[in-house]
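Here is the structure we will look at, set down as structure tokens.
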Amino acid sequence: MLSSESFGSSRTSRLVALTLGLALLAGCQARPLYGTTNNGQDQSVAVAPATNRVERIVRNELVLGFGGEKTAARYDLDLKVKASTSGLLPGGIDNEFSAARTTVTATYALKDAETGEIIKSGSRFADAQLDLPSQSFAQTRARQESEDRAAHSAAALVRADIAAALAQ
């Protein structure tokens, strides 16, 4: 008798779990962030060409996030990116490290390609920490790698802003 009772309660709990799962899925509204929506509205974004190394990294991240390069897009994204390294701590004797912070700032404006109307504009920044050894080449590589890390983070923030603007 005990085994039949546990079988019945297990079956009931599965039925309740299935019903709750279906109720949660009924409220789900999955739609594409980029590309074409289900009402046929084009959401493609063309990103302006880059003028420096860090801007190229942010641009490439955005292009990949928007689904690839578009020749005739619904929206144009003007993008300006700058990087700066600051906060150096004075180093002591040879081979001692100095700490620094690289900040990448991305300023953007999302425009309607047909009318030129600005849909969303803003500025996002991201920081990356680095250690600077006394060797010149190692310092250059450390700065570039910290710029790369900060650029990837800044691109993710810009992409999230644009996704929110296009979802409205």
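Chain lettering (A, B, ...) mirrors the order of the structure tokens, residue numbering begins at 1 for each chain separately, and ligand numbering begins at 1 in order of display.
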
Note to self: Set the distance at 9 Å and use only C-alpha atoms: which residues neighbour A:Gly116 once local chain neighbours fewer than 3 positions away are removed? I'd like the list as a list in words.
What the structure shows: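 Non-adjacent residues within range: Tyr75, Asp76, Lys111, Asp112, Ala113 and Ile119 of chain A.
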
Let's have the selection written as an mmCIF file, in the first residue's frame, with all heavy atoms.
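The new file again21.cif reads:
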```cif
data_model
loop_
_atom_site.group_PDB
_atom_site.id
_atom_site.type_symbol
_atom_site.label_atom_id
_atom_site.label_comp_id
_atom_site.auth_asym_id
_atom_site.auth_seq_id
_atom_site.Cartn_x
_atom_site.Cartn_y
_atom_site.Cartn_z
ATOM 1 N N TYR A 75 19.244 50.839 -39.161
ATOM 2 C CA TYR A 75 19.820 51.823 -38.251
ATOM 3 C C TYR A 75 21.319 51.956 -38.507
ATOM 4 O O TYR A 75 21.980 50.991 -38.880
ATOM 5 C CB TYR A 75 19.605 51.405 -36.791
ATOM 6 C CG TYR A 75 18.160 51.262 -36.423
ATOM 7 C CD1 TYR A 75 17.553 50.013 -36.381
ATOM 8 C CD2 TYR A 75 17.394 52.372 -36.117
ATOM 9 C CE1 TYR A 75 16.223 49.872 -36.046
ATOM 10 C CE2 TYR A 75 16.054 52.247 -35.779
ATOM 11 C CZ TYR A 75 15.479 50.994 -35.744
ATOM 12 O OH TYR A 75 14.160 50.868 -35.412
ATOM 13 N N ASP A 76 21.837 53.167 -38.282
ATOM 14 C CA ASP A 76 23.271 53.436 -38.346
ATOM 15 C C ASP A 76 23.760 53.752 -36.943
ATOM 16 O O ASP A 76 23.094 54.456 -36.192
ATOM 17 C CB ASP A 76 23.572 54.624 -39.259
ATOM 18 C CG ASP A 76 23.289 54.316 -40.723
ATOM 19 O OD1 ASP A 76 23.493 53.158 -41.132
ATOM 20 O OD2 ASP A 76 22.869 55.237 -41.450
ATOM 21 N N LYS A 111 21.099 55.971 -35.055
ATOM 22 C CA LYS A 111 20.242 56.810 -35.899
ATOM 23 C C LYS A 111 19.409 55.955 -36.836
ATOM 24 O O LYS A 111 19.846 54.892 -37.281
ATOM 25 C CB LYS A 111 21.089 57.753 -36.750
ATOM 26 C CG LYS A 111 21.926 58.711 -35.956
ATOM 27 C CD LYS A 111 22.766 59.569 -36.880
ATOM 28 C CE LYS A 111 23.651 60.509 -36.103
ATOM 29 N NZ LYS A 111 24.515 61.306 -36.984
ATOM 30 N N ASP A 112 18.230 56.441 -37.151
ATOM 31 C CA ASP A 112 17.399 55.831 -38.186
ATOM 32 C C ASP A 112 18.084 56.111 -39.521
ATOM 33 O O ASP A 112 18.397 57.262 -39.837
ATOM 34 C CB ASP A 112 16.002 56.433 -38.154
ATOM 35 C CG ASP A 112 15.037 55.714 -39.066
ATOM 36 O OD1 ASP A 112 15.372 55.536 -40.257
ATOM 37 O OD2 ASP A 112 13.952 55.341 -38.599
ATOM 38 N N ALA A 113 18.341 55.083 -40.301
ATOM 39 C CA ALA A 113 19.081 55.249 -41.551
ATOM 40 C C ALA A 113 18.319 56.085 -42.574
ATOM 41 O O ALA A 113 18.934 56.791 -43.377
ATOM 42 C CB ALA A 113 19.425 53.881 -42.147
ATOM 43 N N ILE A 119 17.861 57.803 -32.367
ATOM 44 C CA ILE A 119 17.001 56.924 -31.572
ATOM 45 C C ILE A 119 17.532 56.822 -30.142
ATOM 46 O O ILE A 119 16.779 56.895 -29.182
ATOM 47 C CB ILE A 119 16.933 55.509 -32.192
ATOM 48 C CG1 ILE A 119 16.548 55.562 -33.664
ATOM 49 C CG2 ILE A 119 16.030 54.592 -31.386
ATOM 50 C CD1 ILE A 119 15.192 56.130 -33.941
#
```

Margin query: Can you pull out the residues contacting A:Asn52? Cut-off 10 Å, using only C-alpha atoms, and skip same-chain residues under 3 positions away; I want them as a list in words.
Written below: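 The neighbour list is Pro49, Glu55, Arg56, Ile57, Lys80, Val81 and Lys82 of chain A.
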
Assign secondary structure with DSSP using the backbone only, and return the residues of stretch 111-155 of chain A in strand (DSSP E) as an mmCIF file with C-alpha atoms, in the first residue's frame.
```cif
data_model
loop_
_atom_site.group_PDB
_atom_site.id
_atom_site.type_symbol
_atom_site.label_atom_id
_atom_site.label_comp_id
_atom_site.auth_asym_id
_atom_site.auth_seq_id
_atom_site.Cartn_x
_atom_site.Cartn_y
_atom_site.Cartn_z
ATOM 1 C CA LYS A 111 20.242 56.810 -35.899
ATOM 2 C CA ASP A 112 17.399 55.831 -38.186
ATOM 3 C CA ILE A 118 18.682 59.873 -33.278
ATOM 4 C CA ILE A 119 17.001 56.924 -31.572
ATOM 5 C CA LYS A 120 19.467 56.507 -28.699
ATOM 6 C CA SER A 121 22.740 58.158 -27.782
ATOM 7 C CA GLY A 122 25.020 57.855 -24.833
ATOM 8 C CA SER A 123 28.434 57.095 -23.473
ATOM 9 C CA ARG A 124 29.683 53.969 -21.717
ATOM 10 C CA PHE A 125 33.041 53.238 -20.145
ATOM 11 C CA ALA A 126 34.881 50.230 -18.782
ATOM 12 C CA ASP A 127 38.060 49.905 -16.734
ATOM 13 C CA ALA A 128 40.794 47.293 -16.730
ATOM 14 C CA GLN A 129 43.636 47.034 -14.229
ATOM 15 C CA LEU A 130 47.223 46.329 -15.224
ATOM 16 C CA ASP A 131 50.699 45.990 -13.791
ATOM 17 C CA LEU A 132 53.559 47.747 -15.540
#
```

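Residue nearest A:Val158 within the list A:Val54, A:Ala109, A:Ala46, A:Ala72: A:Ala109 [criterion: smallest interatomic distance, only C-alpha atoms].
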
Next item on the list: Mind checking which residues fall within 9 Å of A:Ala156, counting only C-alpha atoms, ignoring those fewer than 2 positions away in the same chain, and posting them as number ranges by chain?
Entry: A: 58, 61-62, 65, 151-154, 158-161

Output file for the selection above: N, CA, C and O atoms, as a compact mmCIF listing (two decimals), in the first residue's frame:
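result.txt written:
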```
# COMPACT_ATOMS: atom_id res chain seq x y z
N VAL A 58 36.09 47.51 -30.34
CA VAL A 58 34.69 47.75 -29.94
C VAL A 58 33.76 47.55 -31.13
O VAL A 58 32.72 46.89 -31.02
N GLU A 61 33.31 43.84 -31.98
CA GLU A 61 32.42 43.20 -31.00
C GLU A 61 30.96 43.53 -31.29
O GLU A 61 30.08 42.67 -31.21
N LEU A 62 30.70 44.80 -31.62
CA LEU A 62 29.32 45.21 -31.91
C LEU A 62 28.81 44.57 -33.19
O LEU A 62 27.67 44.11 -33.25
N GLY A 65 27.98 41.09 -32.47
CA GLY A 65 26.79 41.04 -31.63
C GLY A 65 25.51 41.36 -32.37
O GLY A 65 24.44 40.89 -32.01
N ALA A 151 37.90 47.32 -23.78
CA ALA A 151 37.13 47.52 -25.02
C ALA A 151 36.03 46.47 -25.15
O ALA A 151 34.90 46.79 -25.54
N HIS A 152 36.32 45.22 -24.82
CA HIS A 152 35.30 44.17 -24.87
C HIS A 152 34.17 44.46 -23.90
O HIS A 152 32.99 44.28 -24.23
N SER A 153 34.52 44.93 -22.71
CA SER A 153 33.49 45.26 -21.71
C SER A 153 32.65 46.46 -22.13
O SER A 153 31.42 46.45 -21.97
N ALA A 154 33.29 47.48 -22.68
CA ALA A 154 32.56 48.66 -23.14
C ALA A 154 31.61 48.30 -24.28
O ALA A 154 30.48 48.79 -24.34
N VAL A 158 27.50 48.91 -24.54
CA VAL A 158 26.86 49.63 -25.64
C VAL A 158 25.82 48.73 -26.32
O VAL A 158 24.72 49.15 -26.63
N ARG A 159 26.19 47.47 -26.54
CA ARG A 159 25.27 46.53 -27.17
C ARG A 159 24.00 46.36 -26.34
O ARG A 159 22.89 46.30 -26.88
N ALA A 160 24.14 46.30 -25.02
CA ALA A 160 22.96 46.18 -24.15
C ALA A 160 22.08 47.42 -24.23
O ALA A 160 20.85 47.31 -24.27
N ASP A 161 22.69 48.61 -24.28
CA ASP A 161 21.92 49.84 -24.42
C ASP A 161 21.11 49.86 -25.72
O ASP A 161 19.95 50.23 -25.74
```

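Across the structure, atom CA of A:Ala163 and atom CA of A:Leu20 are spaced 29.7 Å apart.
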